[in-house]
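Next comes my_file-v5.txt, a file with compact mmCIF, C-alpha atoms and all ligand atoms.
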```
# COMPACT_ATOMS: atom_id res chain seq x y z
CA MET A 197 92.37 159.19 -56.97
CA THR A 198 93.13 162.33 -58.92
CA GLN A 199 90.41 164.85 -59.51
CA PRO A 200 90.05 166.31 -62.97
CA THR A 201 92.63 169.08 -63.09
CA SER A 202 90.39 171.52 -64.89
CA ARG A 203 87.86 171.51 -62.09
CA ALA A 204 89.39 174.34 -60.11
CA GLU A 205 89.37 176.70 -63.08
CA THR A 206 85.85 175.93 -64.17
CA VAL A 207 84.27 176.56 -60.79
CA GLY A 208 83.62 180.22 -61.21
CA PRO A 209 81.86 182.67 -58.93
CA GLY A 210 78.54 181.28 -60.16
CA ALA A 211 79.29 177.87 -58.67
CA ARG A 212 76.64 178.35 -56.02
CA GLY A 213 73.88 178.19 -58.61
CA PRO A 214 73.08 175.06 -60.58
CA LEU A 215 76.02 173.10 -61.92
CA LEU A 216 74.41 172.55 -65.30
CA SER A 217 71.51 174.47 -66.76
CA ALA A 218 69.84 174.74 -70.14
CA TYR A 219 67.68 177.65 -71.27
CA GLY A 220 65.45 177.62 -74.32
CA LEU A 221 67.19 174.85 -76.20
CA SER A 222 65.94 174.15 -79.70
CA LYS A 223 67.23 171.62 -82.16
CA ALA A 224 65.94 170.49 -85.53
CA PHE A 225 67.12 167.58 -87.63
CA GLY A 226 66.00 168.57 -91.12
CA PRO A 227 62.24 168.94 -90.93
CA THR A 228 62.04 167.29 -87.50
CA GLN A 229 61.88 169.72 -84.60
CA ALA A 230 63.42 167.49 -81.90
CA LEU A 231 63.63 170.17 -79.19
CA THR A 232 61.66 173.39 -78.70
CA ALA A 233 62.73 175.83 -76.00
CA ALA A 234 63.63 173.09 -73.54
CA SER A 235 65.01 174.11 -70.15
CA LEU A 236 66.40 172.31 -67.12
CA THR A 237 68.69 172.82 -64.15
CA LEU A 238 70.86 170.26 -62.42
CA ALA A 239 72.37 171.10 -59.06
CA GLU A 240 75.67 169.74 -57.77
CA GLY A 241 75.09 166.20 -56.51
CA GLU A 242 71.51 166.14 -57.70
CA ILE A 243 69.95 163.19 -59.56
CA VAL A 244 67.30 164.24 -62.05
CA ALA A 245 65.21 161.89 -64.16
CA LEU A 246 64.33 163.02 -67.67
CA MET A 247 61.10 161.31 -68.66
CA GLY A 248 58.90 161.32 -71.70
CA PRO A 249 57.47 159.17 -74.47
CA SER A 250 59.58 157.71 -77.25
CA GLY A 251 60.63 160.34 -79.75
CA SER A 252 59.88 163.22 -77.37
CA GLY A 253 63.46 164.47 -77.54
CA LYS A 254 65.04 163.06 -74.35
CA SER A 255 68.23 161.79 -75.98
CA THR A 256 68.60 164.93 -78.08
CA PHE A 257 68.24 166.99 -74.90
CA LEU A 258 70.84 164.89 -73.10
CA HIS A 259 73.23 165.19 -76.05
CA CYS A 260 72.86 168.97 -76.04
CA LEU A 261 73.41 169.13 -72.28
CA ALA A 262 76.55 167.00 -72.58
CA GLY A 263 78.02 169.05 -75.42
CA ILE A 264 77.69 166.20 -77.92
CA VAL A 265 75.10 167.94 -80.08
CA ARG A 266 75.05 171.69 -80.67
CA PRO A 267 71.59 173.22 -80.23
CA ASP A 268 70.26 175.61 -82.89
CA ALA A 269 69.25 178.07 -80.21
CA GLY A 270 69.53 178.46 -76.46
CA ARG A 271 72.27 178.21 -73.85
CA VAL A 272 73.82 175.37 -71.88
CA ASP A 273 75.67 176.71 -68.85
CA TYR A 274 78.10 174.31 -67.28
CA ALA A 275 80.15 175.78 -64.44
CA GLY A 276 80.55 179.09 -66.22
CA THR A 277 80.95 177.82 -69.80
CA ASP A 278 78.27 177.99 -72.51
CA LEU A 279 78.50 174.55 -74.06
CA ALA A 280 76.33 175.64 -76.98
CA ARG A 281 79.14 177.93 -78.10
CA ALA A 282 82.30 176.37 -76.66
CA ALA A 283 85.05 175.19 -79.01
CA ASP A 284 85.09 171.53 -79.98
CA THR A 285 88.39 170.92 -78.22
CA ARG A 286 87.00 172.38 -75.01
CA LEU A 287 83.90 170.21 -75.30
CA SER A 288 85.82 167.01 -75.85
CA ALA A 289 88.09 167.82 -72.92
CA LEU A 290 85.07 168.39 -70.70
CA ARG A 291 83.44 165.17 -71.82
CA ARG A 292 86.60 163.25 -71.05
CA THR A 293 87.39 164.77 -67.66
CA GLU A 294 84.19 165.99 -66.07
CA PHE A 295 81.38 163.97 -67.63
CA GLY A 296 80.64 160.28 -67.52
CA PHE A 297 78.39 158.46 -69.98
CA LEU A 298 76.25 155.37 -69.72
CA PHE A 299 73.98 154.21 -72.53
CA GLN A 300 71.37 151.51 -72.99
CA PHE A 301 73.82 149.08 -74.56
CA GLY A 302 77.07 149.50 -72.64
CA GLN A 303 79.09 150.37 -75.74
CA LEU A 304 82.20 148.75 -74.35
CA VAL A 305 85.22 148.31 -76.61
CA PRO A 306 84.99 144.63 -77.63
CA GLU A 307 88.74 144.15 -78.15
CA LEU A 308 89.64 145.26 -74.61
CA SER A 309 89.12 143.31 -71.40
CA CYS A 310 86.50 144.65 -69.00
CA VAL A 311 89.05 146.16 -66.64
CA GLU A 312 90.81 147.83 -69.58
CA ASN A 313 87.47 149.25 -70.64
CA VAL A 314 86.85 150.70 -67.19
CA ALA A 315 90.40 152.06 -66.97
CA LEU A 316 90.18 153.64 -70.43
CA PRO A 317 88.92 157.10 -69.39
CA LEU A 318 91.77 157.32 -66.85
CA ARG A 319 94.32 156.18 -69.45
CA LEU A 320 93.01 158.81 -71.88
CA GLY A 321 93.48 161.31 -69.08
CA GLY A 322 97.16 160.36 -68.94
CA GLN A 323 97.23 157.94 -65.99
CA ARG A 324 99.64 155.03 -66.06
CA ARG A 325 98.26 151.60 -66.74
CA ARG A 326 98.84 150.07 -63.29
CA ALA A 327 97.31 152.93 -61.34
CA ALA A 328 94.39 153.21 -63.75
CA GLU A 329 93.60 149.52 -63.59
CA ARG A 330 93.91 149.46 -59.82
CA GLU A 331 91.32 152.20 -59.56
CA ALA A 332 89.18 150.47 -62.19
CA LEU A 333 89.26 147.22 -60.22
CA ARG A 334 88.34 148.97 -56.99
CA LEU A 335 85.23 150.35 -58.61
CA MET A 336 84.44 147.04 -60.29
CA GLU A 337 84.50 145.35 -56.91
CA HIS A 338 82.07 147.95 -55.69
CA LEU A 339 79.82 147.21 -58.65
CA ASP A 340 80.17 143.48 -58.10
CA VAL A 341 81.90 142.71 -61.42
CA ALA A 342 85.51 142.20 -60.32
CA ASP A 343 85.20 138.55 -61.33
CA VAL A 344 84.81 139.43 -65.01
CA ALA A 345 87.70 141.94 -65.01
CA ARG A 346 89.89 139.89 -67.35
CA ARG A 347 87.10 138.82 -69.70
CA ARG A 348 86.18 140.54 -72.91
CA PRO A 349 82.75 142.25 -72.87
CA GLY A 350 81.48 139.63 -75.33
CA ALA A 351 81.88 136.99 -72.61
CA CYS A 352 79.74 138.86 -70.07
CA SER A 353 76.01 138.76 -69.46
CA GLY A 354 74.02 141.89 -70.28
CA GLY A 355 73.74 142.80 -66.61
CA GLN A 356 77.47 142.34 -65.99
CA GLY A 357 78.34 144.32 -69.11
CA GLN A 358 76.10 147.15 -68.01
CA ARG A 359 77.70 147.27 -64.56
CA VAL A 360 81.12 147.33 -66.23
CA ALA A 361 79.87 150.24 -68.33
CA ALA A 362 78.61 151.94 -65.16
CA ALA A 363 82.07 151.54 -63.62
CA ARG A 364 83.59 153.13 -66.70
CA ALA A 365 81.14 156.03 -66.48
CA LEU A 366 82.05 156.64 -62.83
CA VAL A 367 85.78 155.92 -62.78
CA THR A 368 86.94 159.50 -63.28
CA ARG A 369 84.55 160.66 -60.53
CA PRO A 370 82.82 162.85 -63.07
CA ARG A 371 80.88 165.85 -61.88
CA VAL A 372 77.98 164.87 -64.13
CA VAL A 373 76.94 161.39 -65.22
CA PHE A 374 74.71 161.26 -68.29
CA ALA A 375 72.77 158.01 -68.36
CA ASP A 376 70.43 157.32 -71.29
CA GLU A 377 68.09 154.39 -70.54
CA PRO A 378 70.90 152.61 -68.66
CA THR A 379 68.64 149.73 -67.67
CA GLY A 380 66.48 149.59 -70.78
CA ALA A 381 67.92 146.24 -71.88
CA LEU A 382 67.98 144.57 -68.45
CA ASP A 383 65.50 142.55 -66.42
CA SER A 384 64.12 144.00 -63.20
CA LEU A 385 66.69 142.51 -60.85
CA ASN A 386 69.71 143.48 -62.94
CA GLY A 387 68.23 146.87 -63.70
CA GLU A 388 67.82 147.46 -60.00
CA LYS A 389 71.43 146.45 -59.30
CA VAL A 390 72.75 148.85 -61.90
CA LEU A 391 70.56 151.68 -60.64
CA ARG A 392 71.38 151.13 -56.98
CA LEU A 393 75.09 151.03 -57.66
CA LEU A 394 74.99 153.94 -60.09
CA THR A 395 73.02 156.21 -57.78
CA ASP A 396 74.84 155.12 -54.59
CA THR A 397 78.25 155.66 -56.14
CA ALA A 398 77.20 158.98 -57.63
CA ARG A 399 75.95 160.13 -54.23
CA GLU A 400 79.17 159.00 -52.55
CA ASN A 401 81.23 160.89 -55.13
CA GLY A 402 78.92 163.91 -55.09
CA SER A 403 78.35 163.48 -58.82
CA SER A 404 75.20 164.83 -60.43
CA VAL A 405 73.24 162.43 -62.62
CA LEU A 406 70.92 163.07 -65.53
CA LEU A 407 68.94 159.87 -65.90
CA VAL A 408 66.91 159.47 -69.09
CA THR A 409 64.15 156.91 -68.76
CA HIS A 410 60.55 156.27 -69.66
CA GLU A 411 60.06 153.95 -66.67
CA ALA A 412 58.65 155.35 -63.46
CA ARG A 413 60.37 152.71 -61.33
CA VAL A 414 63.71 153.89 -62.71
CA ALA A 415 62.84 157.57 -62.30
CA ALA A 416 62.02 156.86 -58.65
CA TYR A 417 65.77 156.59 -57.96
CA ALA A 418 66.15 160.29 -58.80
CA ASP A 419 65.52 163.29 -56.58
CA ARG A 420 62.97 164.74 -58.99
CA GLU A 421 61.77 164.39 -62.54
CA VAL A 422 61.60 166.65 -65.58
CA ILE A 423 59.05 165.73 -68.24
CA VAL A 424 59.69 166.13 -71.96
CA ARG A 425 56.81 166.08 -74.39
CA ASP A 426 57.07 166.90 -78.09
CA GLY A 427 60.48 168.45 -77.52
CA ARG A 428 59.27 170.74 -74.74
CA THR A 429 59.99 170.48 -71.04
CA LEU A 430 56.92 170.66 -68.86
CA ASP A 431 56.53 172.62 -65.71
CA VAL A 432 54.58 170.29 -63.50
CA ALA A 433 53.95 171.23 -59.92
CA GLY A 434 54.99 168.62 -57.44
CA GLY A 435 58.18 167.55 -59.16
CA ALA A 436 60.26 169.03 -56.37
CA ARG A 437 62.26 166.95 -53.91
CA MET B 33 35.55 143.09 -50.32
CA CYS B 34 39.11 143.73 -49.27
CA ILE B 35 38.31 142.67 -45.72
CA VAL B 36 36.76 139.39 -46.86
CA ARG B 37 39.84 138.62 -48.91
CA GLY B 38 42.10 139.43 -45.98
CA MET B 39 40.05 137.21 -43.69
CA SER B 40 40.17 134.23 -46.00
CA ALA B 41 43.97 134.48 -46.11
CA LEU B 42 44.28 134.76 -42.34
CA GLY B 43 43.48 131.10 -41.61
CA PRO B 44 46.07 129.54 -43.92
CA THR B 45 48.58 132.20 -42.87
CA PHE B 46 48.18 131.20 -39.21
CA LEU B 47 48.53 127.55 -40.18
CA GLY B 48 51.78 128.33 -41.99
CA LEU B 49 53.09 130.31 -39.03
CA LEU B 50 52.23 127.43 -36.69
CA GLU B 51 54.24 124.96 -38.76
CA SER B 52 57.50 125.91 -37.07
CA ARG B 53 56.14 125.38 -33.53
CA PRO B 54 52.96 125.61 -31.43
CA GLN B 55 52.16 129.19 -30.43
CA HIS B 56 49.77 131.36 -28.43
CA GLY B 57 47.34 133.66 -30.19
CA TYR B 58 49.47 136.54 -28.99
CA ASP B 59 52.59 135.15 -30.74
CA LEU B 60 50.61 134.66 -33.93
CA LYS B 61 49.37 138.22 -33.86
CA ARG B 62 52.91 139.51 -33.34
CA ALA B 63 54.35 137.38 -36.14
CA TYR B 64 51.51 138.39 -38.44
CA ASP B 65 51.91 142.08 -37.73
CA GLU B 66 55.64 141.84 -38.31
CA HIS B 67 55.42 140.09 -41.66
CA PHE B 68 52.14 141.11 -43.21
CA ALA B 69 50.28 144.00 -41.59
CA THR B 70 51.50 147.09 -43.36
CA LYS B 71 48.88 149.57 -42.18
CA ARG B 72 46.75 148.26 -39.32
CA PRO B 73 47.82 145.67 -36.78
CA LEU B 74 45.58 142.65 -36.38
CA ALA B 75 42.81 142.91 -33.77
CA TYR B 76 42.75 140.27 -31.03
CA GLY B 77 39.09 139.60 -31.78
CA GLN B 78 40.07 138.58 -35.30
CA VAL B 79 42.91 136.41 -34.04
CA TYR B 80 40.73 134.38 -31.69
CA ALA B 81 37.79 134.16 -34.08
CA THR B 82 40.13 132.71 -36.70
CA LEU B 83 41.71 130.28 -34.25
CA SER B 84 38.35 128.99 -33.05
CA ARG B 85 37.25 128.44 -36.65
CA LEU B 86 40.47 126.53 -37.39
CA LEU B 87 39.94 124.52 -34.22
CA LYS B 88 36.36 123.65 -35.18
CA ASN B 89 37.53 122.49 -38.63
CA GLY B 90 40.27 120.32 -37.14
CA LEU B 91 43.07 122.33 -38.76
CA VAL B 92 44.65 123.24 -35.40
CA GLU B 93 44.53 121.61 -31.99
CA VAL B 94 45.23 122.83 -28.50
CA ALA B 95 48.73 121.71 -27.58
CA ALA B 96 48.70 123.05 -24.02
CA THR B 97 46.43 125.06 -21.74
CA GLU B 98 47.76 127.12 -18.87
CA ALA B 99 45.79 127.64 -15.68
CA GLY B 100 42.88 130.07 -15.93
CA GLY B 101 41.10 128.81 -19.08
CA GLY B 102 40.33 131.47 -21.73
CA PRO B 103 41.55 131.36 -25.34
CA GLU B 104 44.58 133.49 -24.55
CA ARG B 105 45.91 130.73 -22.28
CA LYS B 106 45.93 128.12 -25.02
CA ARG B 107 48.86 127.16 -27.13
CA TYR B 108 47.83 126.02 -30.61
CA ALA B 109 49.49 123.48 -32.91
CA VAL B 110 48.80 122.82 -36.57
CA THR B 111 47.35 119.38 -37.45
CA ASP B 112 48.17 117.24 -40.50
CA ALA B 113 44.91 118.40 -42.04
CA GLY B 114 46.05 121.97 -41.36
CA VAL B 115 49.34 121.44 -43.17
CA THR B 116 47.44 119.96 -46.12
CA ASP B 117 45.13 122.97 -46.06
CA VAL B 118 47.93 125.54 -46.20
CA GLU B 119 49.65 123.61 -48.98
CA GLN B 120 46.45 123.54 -51.02
CA TRP B 121 45.93 127.24 -50.42
CA LEU B 122 49.46 128.08 -51.57
CA GLY B 123 49.02 125.96 -54.69
CA ARG B 124 45.73 127.59 -55.69
CA PRO B 125 46.06 130.63 -57.98
CA GLU B 126 44.54 133.88 -56.77
CA SER B 127 42.01 135.31 -59.14
CA PRO B 128 43.79 138.20 -60.86
CA GLU B 129 42.15 141.42 -59.79
CA PRO B 130 41.92 144.04 -62.45
CA TYR B 131 41.39 147.40 -60.81
CA LEU B 132 38.67 148.34 -63.24
CA GLN B 133 36.77 150.63 -60.94
CA SER B 134 39.53 152.93 -59.80
CA ALA B 135 38.96 156.65 -59.51
CA LEU B 136 41.83 157.11 -61.94
CA TYR B 137 39.99 155.21 -64.61
CA THR B 138 36.84 157.20 -63.98
CA LYS B 139 38.73 160.49 -64.24
CA VAL B 140 40.28 159.62 -67.58
CA VAL B 141 36.99 158.44 -69.06
CA LEU B 142 35.23 161.54 -67.76
CA ALA B 143 37.93 163.73 -69.29
CA LEU B 144 37.42 161.94 -72.58
CA LEU B 145 33.65 162.28 -72.43
CA THR B 146 33.83 165.96 -71.64
CA GLY B 147 36.57 166.79 -74.15
CA ARG B 148 39.22 167.63 -71.56
CA PRO B 149 42.89 166.78 -72.14
CA ALA B 150 44.02 163.52 -70.56
CA ASP B 151 47.61 164.77 -70.61
CA GLU B 152 46.98 167.05 -67.66
CA ILE B 153 45.54 164.26 -65.56
CA LEU B 154 48.56 162.21 -66.49
CA ASP B 155 51.03 164.93 -65.52
CA VAL B 156 49.46 165.62 -62.16
CA GLN B 157 49.06 161.96 -61.36
CA ARG B 158 52.57 161.10 -62.48
CA ALA B 159 54.04 163.69 -60.15
CA GLU B 160 52.03 162.28 -57.25
CA HIS B 161 52.81 158.67 -58.08
CA LEU B 162 56.50 159.44 -58.47
CA ARG B 163 56.60 161.19 -55.14
CA GLN B 164 55.35 158.06 -53.48
CA MET B 165 57.52 155.80 -55.61
CA ARG B 166 60.63 157.75 -54.56
CA GLU B 167 59.66 157.27 -50.93
CA LEU B 168 59.14 153.54 -51.44
CA THR B 169 62.45 153.29 -53.30
CA ARG B 170 64.21 154.98 -50.40
CA ARG B 171 62.48 152.76 -47.86
CA LYS B 172 63.44 149.74 -49.89
CA ALA B 173 67.11 150.74 -49.91
CA ASP B 174 67.17 151.01 -46.12
CA GLY B 175 64.99 148.01 -45.37
CA ASP B 176 65.32 144.29 -44.87
CA LEU B 177 64.09 141.66 -47.31
CA GLY B 178 60.52 141.96 -46.06
CA ASP B 179 60.51 145.72 -46.68
CA GLN B 180 61.94 145.17 -50.12
CA LEU B 181 59.20 142.71 -51.06
CA ILE B 182 56.43 144.96 -49.78
CA CYS B 183 57.87 148.05 -51.47
CA ASP B 184 58.44 146.25 -54.78
CA HIS B 185 54.87 145.02 -54.75
CA ALA B 186 53.63 148.58 -54.30
CA LEU B 187 56.13 150.01 -56.80
CA PHE B 188 55.11 147.66 -59.59
CA HIS B 189 51.44 148.44 -59.04
CA LEU B 190 52.03 152.17 -59.06
CA GLU B 191 54.09 151.81 -62.20
CA ALA B 192 51.28 149.86 -63.83
CA ASP B 193 48.87 152.75 -63.14
CA LEU B 194 51.22 155.18 -64.82
CA ARG B 195 51.87 152.98 -67.82
CA TRP B 196 48.18 152.62 -68.41
CA LEU B 197 47.71 156.36 -68.00
CA GLU B 198 50.56 157.09 -70.40
CA LEU B 199 49.25 154.69 -73.01
CA THR B 200 45.79 156.13 -72.67
CA ALA B 201 47.01 159.71 -73.00
CA ALA B 202 49.00 158.75 -76.11
CA ARG B 203 45.94 157.01 -77.57
CA LEU B 204 43.71 159.98 -76.88
CA ASN B 205 46.17 162.33 -78.54
CA GLU B 206 46.29 160.11 -81.58
CA LEU B 207 42.53 159.90 -81.61
CA SER B 208 42.01 163.65 -81.42
CA GLY B 209 44.69 164.09 -84.09
CA GLU B 210 42.70 161.77 -86.33
CA VAL B 211 39.54 163.71 -85.72
CA ARG B 212 41.25 167.01 -86.44
CA GLY B 213 42.89 165.53 -89.55
CA ARG B 214 39.54 164.79 -91.18
N1 LIG C 501 70.46 162.44 -85.76
C1 LIG C 501 69.18 162.60 -86.05
N2 LIG C 501 68.76 162.81 -87.32
C2 LIG C 501 67.47 162.98 -87.61
N3 LIG C 501 66.48 162.96 -86.70
C3 LIG C 501 66.82 162.75 -85.43
C4 LIG C 501 68.18 162.54 -85.03
N4 LIG C 501 68.19 162.35 -83.68
C5 LIG C 501 66.91 162.42 -83.28
N5 LIG C 501 66.09 162.66 -84.31
C6 LIG C 501 64.61 162.85 -84.22
O1 LIG C 501 64.35 163.74 -83.18
C7 LIG C 501 63.21 163.32 -82.42
C8 LIG C 501 63.61 163.14 -80.97
O2 LIG C 501 64.46 162.02 -80.89
P1 LIG C 501 65.16 161.53 -79.56
O3 LIG C 501 66.09 160.44 -79.89
O4 LIG C 501 65.73 162.71 -78.86
O5 LIG C 501 63.90 160.98 -78.74
P2 LIG C 501 63.86 160.15 -77.37
O6 LIG C 501 62.92 160.86 -76.48
O7 LIG C 501 65.22 159.89 -76.88
O8 LIG C 501 63.17 158.78 -77.84
P3 LIG C 501 63.42 157.27 -77.31
O9 LIG C 501 62.70 157.16 -76.00
O10 LIG C 501 62.75 156.45 -78.36
O11 LIG C 501 64.89 157.04 -77.23
C9 LIG C 501 62.71 162.07 -83.09
O12 LIG C 501 61.67 162.41 -83.98
C10 LIG C 501 63.92 161.56 -83.84
O13 LIG C 501 63.55 160.83 -84.99
MG MG C 502 66.40 158.15 -76.62
```
Mind turning the file's structure into structure tokens?
Amino acid sequence: MTQPTSRAETVGPGARGPLLSAYGLSKAFGPTQALTAASLTLAEGEIVALMGPSGSGKSTFLHCLAGIVRPDAGRVDYAGTDLARAADTRLSALRRTEFGFLFQFGQLVPELSCVENVALPLRLGGQRRRAAEREALRLMEHLDVADVARRRPGACSGGQGQRVAAARALVTRPRVVFADEPTGALDSLNGEKVLRLLTDTARENGSSVLLVTHEARVAAYADREVIVRDGRTLDVAGGAR
Amino acid sequence: MCIVRGMSALGPTFLGLLESRPQHGYDLKRAYDEHFATKRPLAYGQVYATLSRLLKNGLVEVAATEAGGGPERKRYAVTDAGVTDVEQWLGRPESPEPYLQSALYTKVVLALLTGRPADEILDVQRAEHLRQMRELTRRKADGDLGDQLICDHALFHLEADLRWLELTAARLNELSGEVRGR
């Protein structure tokens, strides 16, 4: 499959350091201080769990790291670009080509079949339909959902839908997968399937994963954890690999 | 306490293992170690003490004895009464064991009593629990079904510790906030 074309240009001389890092991120929504000087590094191929209580700022942090939300202060370095200051067009190009996203409720397009959903990021990247759907199907087989390829998302179980969404998040072989409570709506067995397949595929592809969760069993699939409390990231000894 | 519980499960477990075919004590020990003993293998003394108790109670019988006598020369078979016994044992619920006396619990209560933050205990413990949970998760990925079951059992218990700790820390914060707010 084709690698994102912009990869070569974005890997600067600093590529030996972390792939993605945030320094001193702050973000307020009106009177609510969602993030306060939060920091984190994510190495190439590394899987990091972002943990913390509800409302602690995990999703806000993830959105800032992925260039979806602009922080009020701080820097987000991604392969030589400061996402906190990059132009919107640059951010949306990055999100399409180098990042993959997986949320609690798959957020599949209901009017498209599952395989069309998975192929969508490739189609948006300019690939032809046949090639895109072939690649989508290959990944869906891997994630054990090839049998629902022609169904609409509405005709899938929650677990199937979430694996379809995982395939969509991985189909471009993104350098970073952002997963926000990807198993929050699933039972233990289905949650485990999604996590196994997500982390295995990410490791095969060499993708980094930022995995937001409040469940320790989910975080245990990561290489290490970063704790968020009241919008701040904690430095806890022992979080290393 | 733990030992007593383990012992009382050993009899029915042997009976269940004998259901497929008559076996020597040695075979039983091997099968037991393979399926159930996660830390320490079973001692032969325990194996033969259990078998002689089962024999006395008519739950097993000696199917064959090889020359030389001795318990290690006997092959044991489960009796009908033995099969009934293992079925009854499986059907009986275990008394749920709340781990009320754990050191973790004591630490949190002591922190509360002495006005220390529970958050720090939580953070340190979470890091330690997660380290072990990652290891179990890895072992589970590489293991067979038996490994998966054992690891899941441990993972869910470790997670329960953390959830309790997290809830407690959140409660304590709320509580101290209330006190300060007065
Ligand atoms: N778009 C927004 N507008 C206003 N407030 C927001 C917005 N997004 C987040 N917040 C607030 O910022 C704080 C952090 O929210 P965030 O969603 O990042 O938490 P979280 O850790 O992801 O929680 P959860 O585990 O419940 O998903 C909360 O107080 C939330 O209400
Ligand atoms: Mg959230």
Only residues of chain A matter here; which ones have an atom within 12 Å of chain B, counting all atoms listed in the file? Give them as a PDB file with C-alpha atoms, keeping the file's coordinate frame.
```pdb
ATOM      1  CA  ILE A 243      69.950 163.190 -59.560  1.00  0.00           C
ATOM      2  CA  VAL A 244      67.300 164.240 -62.050  1.00  0.00           C
ATOM      3  CA  ALA A 245      65.210 161.890 -64.160  1.00  0.00           C
ATOM      4  CA  MET A 247      61.100 161.310 -68.660  1.00  0.00           C
ATOM      5  CA  GLY A 248      58.900 161.320 -71.700  1.00  0.00           C
ATOM      6  CA  PRO A 249      57.470 159.170 -74.470  1.00  0.00           C
ATOM      7  CA  SER A 250      59.580 157.710 -77.250  1.00  0.00           C
ATOM      8  CA  SER A 252      59.880 163.220 -77.370  1.00  0.00           C
ATOM      9  CA  SER A 384      64.120 144.000 -63.200  1.00  0.00           C
ATOM     10  CA  LEU A 385      66.690 142.510 -60.850  1.00  0.00           C
ATOM     11  CA  GLU A 388      67.820 147.460 -60.000  1.00  0.00           C
ATOM     12  CA  LYS A 389      71.430 146.450 -59.300  1.00  0.00           C
ATOM     13  CA  LEU A 391      70.560 151.680 -60.640  1.00  0.00           C
ATOM     14  CA  ARG A 392      71.380 151.130 -56.980  1.00  0.00           C
ATOM     15  CA  LEU A 393      75.090 151.030 -57.660  1.00  0.00           C
ATOM     16  CA  THR A 395      73.020 156.210 -57.780  1.00  0.00           C
ATOM     17  CA  ASP A 396      74.840 155.120 -54.590  1.00  0.00           C
ATOM     18  CA  HIS A 410      60.550 156.270 -69.660  1.00  0.00           C
ATOM     19  CA  GLU A 411      60.060 153.950 -66.670  1.00  0.00           C
ATOM     20  CA  ALA A 412      58.650 155.350 -63.460  1.00  0.00           C
ATOM     21  CA  ARG A 413      60.370 152.710 -61.330  1.00  0.00           C
ATOM     22  CA  VAL A 414      63.710 153.890 -62.710  1.00  0.00           C
ATOM     23  CA  ALA A 415      62.840 157.570 -62.300  1.00  0.00           C
ATOM     24  CA  ALA A 416      62.020 156.860 -58.650  1.00  0.00           C
ATOM     25  CA  TYR A 417      65.770 156.590 -57.960  1.00  0.00           C
ATOM     26  CA  ALA A 418      66.150 160.290 -58.800  1.00  0.00           C
ATOM     27  CA  ASP A 419      65.520 163.290 -56.580  1.00  0.00           C
ATOM     28  CA  ARG A 420      62.970 164.740 -58.990  1.00  0.00           C
ATOM     29  CA  GLU A 421      61.770 164.390 -62.540  1.00  0.00           C
ATOM     30  CA  VAL A 422      61.600 166.650 -65.580  1.00  0.00           C
ATOM     31  CA  ILE A 423      59.050 165.730 -68.240  1.00  0.00           C
ATOM     32  CA  VAL A 424      59.690 166.130 -71.960  1.00  0.00           C
ATOM     33  CA  ARG A 425      56.810 166.080 -74.390  1.00  0.00           C
ATOM     34  CA  ASP A 426      57.070 166.900 -78.090  1.00  0.00           C
ATOM     35  CA  THR A 429      59.990 170.480 -71.040  1.00  0.00           C
ATOM     36  CA  LEU A 430      56.920 170.660 -68.860  1.00  0.00           C
ATOM     37  CA  ASP A 431      56.530 172.620 -65.710  1.00  0.00           C
ATOM     38  CA  VAL A 432      54.580 170.290 -63.500  1.00  0.00           C
ATOM     39  CA  ALA A 433      53.950 171.230 -59.920  1.00  0.00           C
ATOM     40  CA  GLY A 434      54.990 168.620 -57.440  1.00  0.00           C
ATOM     41  CA  GLY A 435      58.180 167.550 -59.160  1.00  0.00           C
ATOM     42  CA  ALA A 436      60.260 169.030 -56.370  1.00  0.00           C
ATOM     43  CA  ARG A 437      62.260 166.950 -53.910  1.00  0.00           C
TER      44      ARG A 437
END
```
**Message:** Just checking: using all atoms listed in the file, which residue out of A:Val341, A:Val408, A:Cys310, A:Leu318 ends up closest to ligand MG 502 (chain C)?
**Reply:** A:Val408
**Two-atom distance - CA of Ala218 in chain A, CA of Phe257 in chain A (Å)** =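 It comes out at 9.2 Å.
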**Asked** So how many Å separate CA of Gly213 in chain A and CA of Glu294 in chain A, to one decimal?
**Response**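 Between these atoms lies a distance of 17.6 Å.
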**Asked** Any idea what's packed within 9 Å of Asp117 in chain B, counting all atoms listed in the file, ignoring anything in its chain fewer than 3 positions away? Could you give it as a ChimeraX atom specification?
**Response** /B:44,47,91,112-114,120-122
**Request:** May I ask you to write as a PyMOL selection string all residues lying at most 6 Å from ligand LIG 501 (chain C), with all atoms listed in the file counted?
**Result:** chain A and resi 225+230+249-256
**Prompt:** Between CA of Ala150 in chain B and CA of Pro378 in chain A, what is the spacing in Å?
**Reply:**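 Answer for the CA of Pro378 in chain A to CA of Ala150 in chain B separation: 29.1 Å.
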**Message:** I want to know what sits within 10 Å of range 346-353 of chain A, based on only C-alpha atoms, with residues of the same chain fewer than 6 positions away left out; could you give that as a PyMOL selection string?
**Reply:** chain A and resi 302-313+359-361+382
Just write the chosen residues, C-alpha atoms, as a compact mmCIF listing (two decimals), keeping the file's coordinate frame.
```txt
# COMPACT_ATOMS: atom_id res chain seq x y z
CA GLY A 302 77.07 149.50 -72.64
CA GLN A 303 79.09 150.37 -75.74
CA LEU A 304 82.20 148.75 -74.35
CA VAL A 305 85.22 148.31 -76.61
CA PRO A 306 84.99 144.63 -77.63
CA GLU A 307 88.74 144.15 -78.15
CA LEU A 308 89.64 145.26 -74.61
CA SER A 309 89.12 143.31 -71.40
CA CYS A 310 86.50 144.65 -69.00
CA VAL A 311 89.05 146.16 -66.64
CA GLU A 312 90.81 147.83 -69.58
CA ASN A 313 87.47 149.25 -70.64
CA ARG A 359 77.70 147.27 -64.56
CA VAL A 360 81.12 147.33 -66.23
CA ALA A 361 79.87 150.24 -68.33
CA LEU A 382 67.98 144.57 -68.45
```
